[in-house]
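The file model.pdb comes next; it holds PDB, C-alpha atoms and all ligand atoms.
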```pdb
ATOM      1  CA  MET E  28      -3.783 -20.510   3.919  1.00  0.00           C
ATOM      2  CA  SER E  29      -3.666 -16.766   4.551  1.00  0.00           C
ATOM      3  CA  LEU E  30      -2.271 -14.360   1.991  1.00  0.00           C
ATOM      4  CA  LEU E  31      -0.374 -12.433   4.687  1.00  0.00           C
ATOM      5  CA  GLU E  32       0.502 -13.660   8.155  1.00  0.00           C
ATOM      6  CA  LEU E  33       2.424 -12.001  10.980  1.00  0.00           C
ATOM      7  CA  ARG E  34       3.191 -14.316  13.862  1.00  0.00           C
ATOM      8  CA  ASP E  35       4.363 -12.913  17.221  1.00  0.00           C
ATOM      9  CA  VAL E  36       5.999  -9.982  15.494  1.00  0.00           C
ATOM     10  CA  THR E  37       7.969  -7.472  17.525  1.00  0.00           C
ATOM     11  CA  ARG E  38       9.806  -4.539  15.981  1.00  0.00           C
ATOM     12  CA  SER E  39      12.250  -2.665  18.171  1.00  0.00           C
ATOM     13  CA  PHE E  40      14.152   0.473  17.253  1.00  0.00           C
ATOM     14  CA  PRO E  41      17.396   0.445  19.239  1.00  0.00           C
ATOM     15  CA  GLY E  42      17.435   4.159  20.112  1.00  0.00           C
ATOM     16  CA  PRO E  43      18.369   5.225  22.744  1.00  0.00           C
ATOM     17  CA  PRO E  44      15.794   5.195  24.025  1.00  0.00           C
ATOM     18  CA  GLU E  45      14.745   1.842  22.599  1.00  0.00           C
ATOM     19  CA  VAL E  46      11.207   1.863  21.223  1.00  0.00           C
ATOM     20  CA  GLN E  47       9.144  -1.275  20.785  1.00  0.00           C
ATOM     21  CA  ALA E  48       6.932  -0.092  17.939  1.00  0.00           C
ATOM     22  CA  LEU E  49       5.205  -3.501  17.638  1.00  0.00           C
ATOM     23  CA  LYS E  50       4.796  -5.965  20.493  1.00  0.00           C
ATOM     24  CA  GLY E  51       3.913  -9.582  19.783  1.00  0.00           C
ATOM     25  CA  VAL E  52       1.579  -8.834  16.895  1.00  0.00           C
ATOM     26  CA  ASN E  53      -0.447 -11.654  15.330  1.00  0.00           C
ATOM     27  CA  PHE E  54      -2.309 -10.693  12.181  1.00  0.00           C
ATOM     28  CA  THR E  55      -3.618 -12.518   9.138  1.00  0.00           C
ATOM     29  CA  VAL E  56      -5.104 -11.219   5.911  1.00  0.00           C
ATOM     30  CA  ASP E  57      -6.912 -13.573   3.566  1.00  0.00           C
ATOM     31  CA  ALA E  58      -7.031 -13.069  -0.197  1.00  0.00           C
ATOM     32  CA  GLY E  59      -9.878 -10.683  -1.012  1.00  0.00           C
ATOM     33  CA  ASP E  60     -10.008  -9.122   2.480  1.00  0.00           C
ATOM     34  CA  TYR E  61     -10.418  -5.387   2.926  1.00  0.00           C
ATOM     35  CA  VAL E  62      -8.941  -4.499   6.324  1.00  0.00           C
ATOM     36  CA  SER E  63      -8.562  -1.097   7.949  1.00  0.00           C
ATOM     37  CA  ILE E  64      -5.975  -0.352  10.634  1.00  0.00           C
ATOM     38  CA  VAL E  65      -6.796   2.389  13.123  1.00  0.00           C
ATOM     39  CA  GLY E  66      -5.021   3.732  16.190  1.00  0.00           C
ATOM     40  CA  PRO E  67      -3.426   6.871  17.593  1.00  0.00           C
ATOM     41  CA  SER E  68      -0.394   8.555  16.115  1.00  0.00           C
ATOM     42  CA  GLY E  69       2.831   6.757  17.094  1.00  0.00           C
ATOM     43  CA  SER E  70       1.057   3.489  17.907  1.00  0.00           C
ATOM     44  CA  GLY E  71       2.923   1.389  15.290  1.00  0.00           C
ATOM     45  CA  LYS E  72       0.611   1.457  12.253  1.00  0.00           C
ATOM     46  CA  SER E  73       3.203   2.523   9.676  1.00  0.00           C
ATOM     47  CA  THR E  74       5.773   0.180  11.176  1.00  0.00           C
ATOM     48  CA  MET E  75       3.372  -2.709  10.673  1.00  0.00           C
ATOM     49  CA  LEU E  76       2.496  -1.674   7.112  1.00  0.00           C
ATOM     50  CA  ASN E  77       6.187  -1.327   6.242  1.00  0.00           C
ATOM     51  CA  ILE E  78       6.792  -4.868   7.454  1.00  0.00           C
ATOM     52  CA  LEU E  79       3.781  -6.161   5.482  1.00  0.00           C
ATOM     53  CA  GLY E  80       5.160  -4.341   2.423  1.00  0.00           C
ATOM     54  CA  LEU E  81       8.679  -5.771   2.846  1.00  0.00           C
ATOM     55  CA  LEU E  82      10.138  -2.305   3.367  1.00  0.00           C
ATOM     56  CA  ASP E  83      11.143  -3.348   6.876  1.00  0.00           C
ATOM     57  CA  ARG E  84      11.478  -6.606   8.785  1.00  0.00           C
ATOM     58  CA  PRO E  85      10.490  -7.890  12.214  1.00  0.00           C
ATOM     59  CA  THR E  86      13.092  -7.850  14.984  1.00  0.00           C
ATOM     60  CA  VAL E  87      11.426 -10.985  16.366  1.00  0.00           C
ATOM     61  CA  GLY E  88       8.718 -13.197  14.871  1.00  0.00           C
ATOM     62  CA  GLU E  89       7.732 -14.426  11.445  1.00  0.00           C
ATOM     63  CA  TYR E  90       6.163 -12.989   8.335  1.00  0.00           C
ATOM     64  CA  ARG E  91       4.689 -15.239   5.650  1.00  0.00           C
ATOM     65  CA  ILE E  92       3.224 -14.370   2.272  1.00  0.00           C
ATOM     66  CA  ASP E  93       1.190 -17.249   0.826  1.00  0.00           C
ATOM     67  CA  GLY E  94       2.818 -19.475   3.401  1.00  0.00           C
ATOM     68  CA  MET E  95       6.346 -18.542   2.330  1.00  0.00           C
ATOM     69  CA  LEU E  96       8.630 -17.255   5.073  1.00  0.00           C
ATOM     70  CA  VAL E  97       9.901 -13.988   3.685  1.00  0.00           C
ATOM     71  CA  GLY E  98      12.159 -13.124   6.612  1.00  0.00           C
ATOM     72  CA  SER E  99      14.879 -15.445   5.342  1.00  0.00           C
ATOM     73  CA  LEU E 100      14.948 -14.011   1.807  1.00  0.00           C
ATOM     74  CA  GLY E 101      17.899 -11.918   0.644  1.00  0.00           C
ATOM     75  CA  GLU E 102      17.455  -8.276  -0.377  1.00  0.00           C
ATOM     76  CA  ASP E 103      17.106  -9.026  -4.106  1.00  0.00           C
ATOM     77  CA  GLU E 104      14.488 -11.697  -3.542  1.00  0.00           C
ATOM     78  CA  ARG E 105      12.568  -9.427  -1.178  1.00  0.00           C
ATOM     79  CA  ALA E 106      12.603  -6.668  -3.767  1.00  0.00           C
ATOM     80  CA  ALA E 107      11.350  -9.096  -6.397  1.00  0.00           C
ATOM     81  CA  VAL E 108       8.504 -10.316  -4.179  1.00  0.00           C
ATOM     82  CA  ARG E 109       7.651  -6.696  -3.342  1.00  0.00           C
ATOM     83  CA  ALA E 110       7.579  -5.682  -7.000  1.00  0.00           C
ATOM     84  CA  ARG E 111       5.403  -8.618  -7.984  1.00  0.00           C
ATOM     85  CA  ARG E 112       3.016  -8.875  -5.045  1.00  0.00           C
ATOM     86  CA  ILE E 113       2.698  -5.508  -3.311  1.00  0.00           C
ATOM     87  CA  GLY E 114       1.357  -2.079  -4.214  1.00  0.00           C
ATOM     88  CA  PHE E 115       1.910   0.913  -1.907  1.00  0.00           C
ATOM     89  CA  VAL E 116      -0.004   4.173  -1.543  1.00  0.00           C
ATOM     90  CA  PHE E 117       1.104   6.967   0.810  1.00  0.00           C
ATOM     91  CA  GLN E 118      -0.565  10.015   2.322  1.00  0.00           C
ATOM     92  CA  SER E 119       1.613  12.444   0.341  1.00  0.00           C
ATOM     93  CA  PHE E 120       1.276  10.601  -3.007  1.00  0.00           C
ATOM     94  CA  HIS E 121       5.069  10.353  -3.703  1.00  0.00           C
ATOM     95  CA  LEU E 122       4.659  11.024  -7.416  1.00  0.00           C
ATOM     96  CA  MET E 123       7.615  12.081  -9.576  1.00  0.00           C
ATOM     97  CA  PRO E 124       6.933  15.818 -10.028  1.00  0.00           C
ATOM     98  CA  ARG E 125       8.703  16.295 -13.362  1.00  0.00           C
ATOM     99  CA  ARG E 126       7.138  13.266 -15.037  1.00  0.00           C
ATOM    100  CA  THR E 127       3.746  13.082 -16.661  1.00  0.00           C
ATOM    101  CA  VAL E 128       0.912  11.086 -15.163  1.00  0.00           C
ATOM    102  CA  LEU E 129       1.507   8.368 -17.769  1.00  0.00           C
ATOM    103  CA  ASP E 130       5.249   8.177 -16.992  1.00  0.00           C
ATOM    104  CA  ASN E 131       4.500   7.904 -13.282  1.00  0.00           C
ATOM    105  CA  VAL E 132       2.242   4.917 -13.908  1.00  0.00           C
ATOM    106  CA  LEU E 133       4.721   3.313 -16.345  1.00  0.00           C
ATOM    107  CA  MET E 134       7.525   3.527 -13.802  1.00  0.00           C
ATOM    108  CA  PRO E 135       6.923   0.280 -11.834  1.00  0.00           C
ATOM    109  CA  MET E 136       6.907  -1.733 -15.073  1.00  0.00           C
ATOM    110  CA  LEU E 137      10.171  -0.318 -16.448  1.00  0.00           C
ATOM    111  CA  TYR E 138      12.305  -3.293 -15.430  1.00  0.00           C
ATOM    112  CA  SER E 139       9.522  -5.860 -15.405  1.00  0.00           C
ATOM    113  CA  GLY E 140      10.353  -7.406 -18.776  1.00  0.00           C
ATOM    114  CA  VAL E 141       6.945  -6.413 -20.150  1.00  0.00           C
ATOM    115  CA  PRO E 142       7.398  -5.129 -23.737  1.00  0.00           C
ATOM    116  CA  ARG E 143       7.114  -1.351 -24.167  1.00  0.00           C
ATOM    117  CA  ALA E 144       3.905  -1.352 -26.173  1.00  0.00           C
ATOM    118  CA  GLU E 145       2.179  -3.550 -23.644  1.00  0.00           C
ATOM    119  CA  ARG E 146       3.465  -1.472 -20.728  1.00  0.00           C
ATOM    120  CA  GLU E 147       1.927   1.601 -22.264  1.00  0.00           C
ATOM    121  CA  GLN E 148      -1.327  -0.172 -23.022  1.00  0.00           C
ATOM    122  CA  ARG E 149      -1.572  -1.400 -19.426  1.00  0.00           C
ATOM    123  CA  ALA E 150      -0.744   2.024 -17.991  1.00  0.00           C
ATOM    124  CA  ARG E 151      -3.401   3.677 -20.155  1.00  0.00           C
ATOM    125  CA  ARG E 152      -5.956   1.026 -19.255  1.00  0.00           C
ATOM    126  CA  THR E 153      -5.232   1.467 -15.534  1.00  0.00           C
ATOM    127  CA  LEU E 154      -5.494   5.258 -15.817  1.00  0.00           C
ATOM    128  CA  ASP E 155      -8.808   4.761 -17.572  1.00  0.00           C
ATOM    129  CA  GLN E 156      -9.913   2.519 -14.700  1.00  0.00           C
ATOM    130  CA  VAL E 157      -9.157   5.253 -12.135  1.00  0.00           C
ATOM    131  CA  GLY E 158     -10.982   7.823 -14.271  1.00  0.00           C
ATOM    132  CA  LEU E 159      -7.906   9.719 -15.472  1.00  0.00           C
ATOM    133  CA  ALA E 160      -7.658   8.800 -19.159  1.00  0.00           C
ATOM    134  CA  HIS E 161      -7.931  12.515 -19.953  1.00  0.00           C
ATOM    135  CA  ARG E 162      -4.960  13.431 -17.738  1.00  0.00           C
ATOM    136  CA  THR E 163      -2.187  11.180 -19.105  1.00  0.00           C
ATOM    137  CA  GLU E 164       0.054  14.006 -20.354  1.00  0.00           C
ATOM    138  CA  PHE E 165      -0.419  16.280 -17.326  1.00  0.00           C
ATOM    139  CA  LEU E 166       2.178  16.908 -14.625  1.00  0.00           C
ATOM    140  CA  PRO E 167       1.141  15.928 -11.078  1.00  0.00           C
ATOM    141  CA  ALA E 168       1.254  19.545  -9.816  1.00  0.00           C
ATOM    142  CA  THR E 169      -1.569  20.494 -12.186  1.00  0.00           C
ATOM    143  CA  LEU E 170      -3.937  17.912 -10.690  1.00  0.00           C
ATOM    144  CA  SER E 171      -6.197  18.061  -7.637  1.00  0.00           C
ATOM    145  CA  GLY E 172      -5.268  16.078  -4.530  1.00  0.00           C
ATOM    146  CA  GLY E 173      -7.888  13.451  -5.295  1.00  0.00           C
ATOM    147  CA  GLU E 174      -6.590  13.080  -8.855  1.00  0.00           C
ATOM    148  CA  ARG E 175      -2.994  12.790  -7.626  1.00  0.00           C
ATOM    149  CA  GLN E 176      -3.954  10.047  -5.228  1.00  0.00           C
ATOM    150  CA  ARG E 177      -5.773   8.225  -8.022  1.00  0.00           C
ATOM    151  CA  VAL E 178      -2.575   8.409 -10.102  1.00  0.00           C
ATOM    152  CA  ALA E 179      -0.705   6.937  -7.139  1.00  0.00           C
ATOM    153  CA  VAL E 180      -3.281   4.148  -6.889  1.00  0.00           C
ATOM    154  CA  ALA E 181      -2.962   3.470 -10.637  1.00  0.00           C
ATOM    155  CA  ARG E 182       0.812   3.250 -10.227  1.00  0.00           C
ATOM    156  CA  ALA E 183       0.378   0.898  -7.264  1.00  0.00           C
ATOM    157  CA  VAL E 184      -1.921  -1.538  -9.080  1.00  0.00           C
ATOM    158  CA  VAL E 185      -0.605  -1.400 -12.660  1.00  0.00           C
ATOM    159  CA  SER E 186       1.598  -4.460 -12.094  1.00  0.00           C
ATOM    160  CA  ARG E 187      -1.438  -6.322 -10.711  1.00  0.00           C
ATOM    161  CA  PRO E 188      -0.155  -6.939  -7.187  1.00  0.00           C
ATOM    162  CA  SER E 189      -1.863  -9.332  -4.763  1.00  0.00           C
ATOM    163  CA  VAL E 190      -2.329  -6.655  -2.133  1.00  0.00           C
ATOM    164  CA  LEU E 191      -2.599  -2.884  -1.935  1.00  0.00           C
ATOM    165  CA  LEU E 192      -1.161  -1.343   1.241  1.00  0.00           C
ATOM    166  CA  ALA E 193      -2.241   2.244   1.900  1.00  0.00           C
ATOM    167  CA  ASP E 194      -0.832   4.470   4.676  1.00  0.00           C
ATOM    168  CA  GLU E 195      -3.344   7.257   5.453  1.00  0.00           C
ATOM    169  CA  PRO E 196      -4.309   7.526   1.761  1.00  0.00           C
ATOM    170  CA  THR E 197      -6.972  10.167   2.429  1.00  0.00           C
ATOM    171  CA  GLY E 198      -4.997  12.052   5.090  1.00  0.00           C
ATOM    172  CA  ASN E 199      -4.353  15.002   2.751  1.00  0.00           C
ATOM    173  CA  LEU E 200      -7.772  15.007   1.093  1.00  0.00           C
ATOM    174  CA  ASP E 201     -11.062  16.736   1.872  1.00  0.00           C
ATOM    175  CA  ALA E 202     -14.254  14.727   2.342  1.00  0.00           C
ATOM    176  CA  ALA E 203     -15.341  14.859  -1.330  1.00  0.00           C
ATOM    177  CA  THR E 204     -11.987  13.804  -2.814  1.00  0.00           C
ATOM    178  CA  SER E 205     -11.494  11.259  -0.079  1.00  0.00           C
ATOM    179  CA  ASP E 206     -14.758   9.755  -1.280  1.00  0.00           C
ATOM    180  CA  GLU E 207     -13.341   9.426  -4.836  1.00  0.00           C
ATOM    181  CA  VAL E 208     -10.462   7.388  -3.491  1.00  0.00           C
ATOM    182  CA  MET E 209     -12.728   5.196  -1.351  1.00  0.00           C
ATOM    183  CA  ALA E 210     -14.999   4.527  -4.334  1.00  0.00           C
ATOM    184  CA  LEU E 211     -11.916   3.449  -6.261  1.00  0.00           C
ATOM    185  CA  PHE E 212     -10.868   1.108  -3.439  1.00  0.00           C
ATOM    186  CA  ASP E 213     -14.362  -0.447  -3.521  1.00  0.00           C
ATOM    187  CA  GLU E 214     -13.983  -1.108  -7.266  1.00  0.00           C
ATOM    188  CA  LEU E 215     -10.536  -2.637  -6.863  1.00  0.00           C
ATOM    189  CA  ARG E 216     -11.860  -4.814  -4.089  1.00  0.00           C
ATOM    190  CA  ALA E 217     -14.719  -5.960  -6.322  1.00  0.00           C
ATOM    191  CA  ASP E 218     -12.071  -6.906  -8.915  1.00  0.00           C
ATOM    192  CA  GLY E 219     -10.478  -9.217  -6.346  1.00  0.00           C
ATOM    193  CA  LEU E 220      -7.684  -7.057  -4.953  1.00  0.00           C
ATOM    194  CA  THR E 221      -6.815  -7.420  -1.249  1.00  0.00           C
ATOM    195  CA  LEU E 222      -6.580  -4.093   0.596  1.00  0.00           C
ATOM    196  CA  VAL E 223      -4.999  -3.034   3.888  1.00  0.00           C
ATOM    197  CA  VAL E 224      -5.649   0.619   4.693  1.00  0.00           C
ATOM    198  CA  ILE E 225      -4.349   2.677   7.628  1.00  0.00           C
ATOM    199  CA  THR E 226      -6.621   5.564   8.502  1.00  0.00           C
ATOM    200  CA  HIS E 227      -7.527   8.083  11.195  1.00  0.00           C
ATOM    201  CA  ASP E 228     -10.900   8.661   9.577  1.00  0.00           C
ATOM    202  CA  PRO E 229     -13.786   6.550  10.953  1.00  0.00           C
ATOM    203  CA  VAL E 230     -15.650   7.004   7.646  1.00  0.00           C
ATOM    204  CA  VAL E 231     -12.729   5.486   5.732  1.00  0.00           C
ATOM    205  CA  ALA E 232     -12.282   2.714   8.317  1.00  0.00           C
ATOM    206  CA  ALA E 233     -15.968   1.791   8.074  1.00  0.00           C
ATOM    207  CA  ARG E 234     -15.651   1.096   4.328  1.00  0.00           C
ATOM    208  CA  ALA E 235     -13.521  -1.965   5.060  1.00  0.00           C
ATOM    209  CA  GLY E 236     -15.132  -5.272   5.949  1.00  0.00           C
ATOM    210  CA  ARG E 237     -12.855  -5.669   8.938  1.00  0.00           C
ATOM    211  CA  SER E 238     -11.007  -3.294  11.223  1.00  0.00           C
ATOM    212  CA  VAL E 239      -8.094  -3.790  13.603  1.00  0.00           C
ATOM    213  CA  ARG E 240      -6.775  -1.335  16.155  1.00  0.00           C
ATOM    214  CA  ILE E 241      -3.187  -0.765  17.264  1.00  0.00           C
ATOM    215  CA  ALA E 242      -2.493   0.891  20.589  1.00  0.00           C
ATOM    216  CA  ASP E 243       1.059   1.186  21.892  1.00  0.00           C
ATOM    217  CA  GLY E 244       2.300  -1.536  19.549  1.00  0.00           C
ATOM    218  CA  ARG E 245      -0.402  -4.058  20.407  1.00  0.00           C
ATOM    219  CA  LEU E 246      -3.023  -5.159  17.923  1.00  0.00           C
ATOM    220  CA  SER E 247      -6.632  -6.078  18.572  1.00  0.00           C
ATOM    221  CA  GLU E 248      -9.603  -6.849  16.323  1.00  0.00           C
ATOM    222  CA  VAL E 249     -12.391  -4.270  16.329  1.00  0.00           C
ATOM    223  CA  ALA E 250     -15.723  -6.027  16.755  1.00  0.00           C
TER     224      ALA E 250
HETATM  225  P1  LIG Y   1       2.060   5.411  13.497  1.00  0.00           P
HETATM  226  O1  LIG Y   1       2.204   5.116  12.044  1.00  0.00           O
HETATM  227  O2  LIG Y   1       0.989   4.631  14.183  1.00  0.00           O
HETATM  228  O3  LIG Y   1       1.903   6.882  13.746  1.00  0.00           O
HETATM  229  P2  LIG Y   1       4.822   4.494  13.627  1.00  0.00           P
HETATM  230  O4  LIG Y   1       4.738   3.083  13.231  1.00  0.00           O
HETATM  231  O5  LIG Y   1       5.319   5.461  12.615  1.00  0.00           O
HETATM  232  O6  LIG Y   1       3.414   4.987  14.233  1.00  0.00           O
HETATM  233  O7  LIG Y   1       5.765   4.625  14.897  1.00  0.00           O
HETATM  234  C1  LIG Y   1       5.606   3.818  16.054  1.00  0.00           C
HETATM  235  C2  LIG Y   1       6.723   4.132  17.050  1.00  0.00           C
HETATM  236  O8  LIG Y   1       7.966   3.726  16.535  1.00  0.00           O
HETATM  237  C3  LIG Y   1       6.851   5.609  17.367  1.00  0.00           C
HETATM  238  O9  LIG Y   1       7.222   5.740  18.713  1.00  0.00           O
HETATM  239  C4  LIG Y   1       7.974   6.044  16.466  1.00  0.00           C
HETATM  240  O10 LIG Y   1       8.630   7.172  16.975  1.00  0.00           O
HETATM  241  C5  LIG Y   1       8.860   4.835  16.454  1.00  0.00           C
HETATM  242  N1  LIG Y   1       9.604   4.716  15.168  1.00  0.00           N
HETATM  243  C6  LIG Y   1       9.074   4.524  13.952  1.00  0.00           C
HETATM  244  N2  LIG Y   1      10.033   4.434  13.011  1.00  0.00           N
HETATM  245  C7  LIG Y   1      11.208   4.588  13.675  1.00  0.00           C
HETATM  246  C8  LIG Y   1      12.592   4.592  13.283  1.00  0.00           C
HETATM  247  N3  LIG Y   1      12.949   4.402  11.998  1.00  0.00           N
HETATM  248  N4  LIG Y   1      13.519   4.766  14.225  1.00  0.00           N
HETATM  249  C9  LIG Y   1      13.173   4.931  15.534  1.00  0.00           C
HETATM  250  N5  LIG Y   1      11.905   4.933  15.977  1.00  0.00           N
HETATM  251  C10 LIG Y   1      10.932   4.759  15.065  1.00  0.00           C
HETATM  252 MG    MG Y   2       2.098   6.420  10.411  1.00  0.00          MG
END
```

Rewrite the structure from the file as structure tokens, please.
Ligand code: ADP
Ligand code: MG
Amino acid sequence: MSLLELRDVTRSFPGPPEVQALKGVNFTVDAGDYVSIVGPSGSGKSTMLNILGLLDRPTVGEYRIDGMLVGSLGEDERAAVRARRIGFVFQSFHLMPRRTVLDNVLMPMLYSGVPRAEREQRARRTLDQVGLAHRTEFLPATLSGGERQRVAVARAVVSRPSVLLADEPTGNLDAATSDEVMALFDELRADGLTLVVITHDPVVAARAGRSVRIADGRLSEVA
């Protein structure tokens, strides 16, 4: 059974004018896969990632996580599945500017029922894993772009999700710092995490074992 499965998924935005951002998309991700998604701007990449991340839902078609149809879940259940199973990383980091690095990474565990001491231990261990143990008390604005994105990755994986979804994670980074983030993705992958990464950068796309392309809402495998 696949970890993630989209079957005949269409996503329409009513407009006017109506836009079909995804058209009959079939896509599966197995546990442990590292998949990149490429395609021109406006082709439907973020729409697809938002559906995979339960931030949005198909207009038509089915989405299953571990075989479970998630389309029929209520909002609270969807949020619970999202919190437990999915980590998100965005191009512009989305860190809380007035909170320290440590607080940013603690945030997803606040309402998780994990005791405080253990939350902090996990956050520190994850920051150590991304090479930022020496930055825990810093504010995001004092860090480099590559460091900020590594904080965002730490925050995304601290709750040990099944899959990390990244939307242009290196889009704001230069080649050297983009390499830091890719090296981190390789490590997470080696630890068993499943990754789905949208990118414009052929170098980033090539790091994944598999690549799919979206053009005008239609998905195809890249050989
Ligand atoms: P990409 O991430 O590949 O650049 P998107 O998935 O963001 O593309 O967008 C695909 C298409 O759907 C675009 O035409 C975009 O304008 C449209 N779109 C995306 N989100 C919305 C929305 N919330 N409302 C209306 N149209 C949208
Ligand atoms: Mg996008």

- Item | Contacts to ligand LIG 1 (chain Y) at 12 Å cut-off (all atoms listed in the file) as a ChimeraX atom specification | /E:37-50,64-78,82-84,117-118,193-195,224-227,240-246

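Proximity ranking of E:Pro188, E:Gly158, E:Pro142, E:Gly172 relative to E:Glu214 places E:Gly158 first, based on all atoms listed in the file.
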
- What does the distance between atom CA of E:Val56 and atom CA of E:Val190 come to in Å, to one decimal place?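 Atom-to-atom, atom CA of E:Val56 and atom CA of E:Val190 are spaced 9.7 Å apart.
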
- So which one's closest to E:Arg149, E:Ser29, E:Ser99, E:Ser247, E:Ser186? Using all atoms listed in the file, please.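 For E:Arg149, the nearest of the given residues is E:Ser186.
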
- Query: Between E:Val185, E:Glu32, E:Pro196, E:Ser205, which is the closest to ligand MG 2 (chain Y) once you count only C-alpha atoms and all ligand atoms?
  - Reply: E:Pro196

Specify the axis-aligned box that encloses all atoms of stretch 118-133 of chain E listed in the file after padding of 8 Å on each side, stating its centre and edge lengths in Å to one decimal as JSON.
```
{"center_x": 4.1, "center_y": 9.8, "center_z": -7.7, "size_x": 25.3, "size_y": 29.0, "size_z": 36.1}
```

- Message: Could you list, as number ranges by chain, every residue matched by the PyMOL selection byres (((chain E and resi 230) around 12) and not hetatm) in this structure?
- Response: E: 63, 65, 197, 202-203, 205-206, 209, 226-229, 231-235, 238

- Can you tell me, as a ChimeraX atom specification, what residues are no more than 8 Å from E:Gly173 when counting only C-alpha atoms, ignoring any on the same chain fewer than 4 positions away? /E:177,200,204-205,207-208

- Using only C-alpha atoms and all ligand atoms, which of E:Ser119, E:Leu159, E:Ser189, E:Val141 sits nearest ligand MG 2 (chain Y)? E:Ser119

- Taking the file above as input, evaluate the PyMOL selection byres (((chain E and resi 130-137) around 9) and not hetatm) and report the hits as number ranges by chain. E: 110, 122-124, 126-129, 138-141, 143, 146-147, 149-151, 153-154, 163-164, 167, 178-183, 185-186

- Given only C-alpha atoms as the counted atoms, nearest of E:Leu215, E:Arg111, E:Phe120, E:His161 to E:Gly198: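 That would be E:Phe120, the residue with the smallest distance to E:Gly198.
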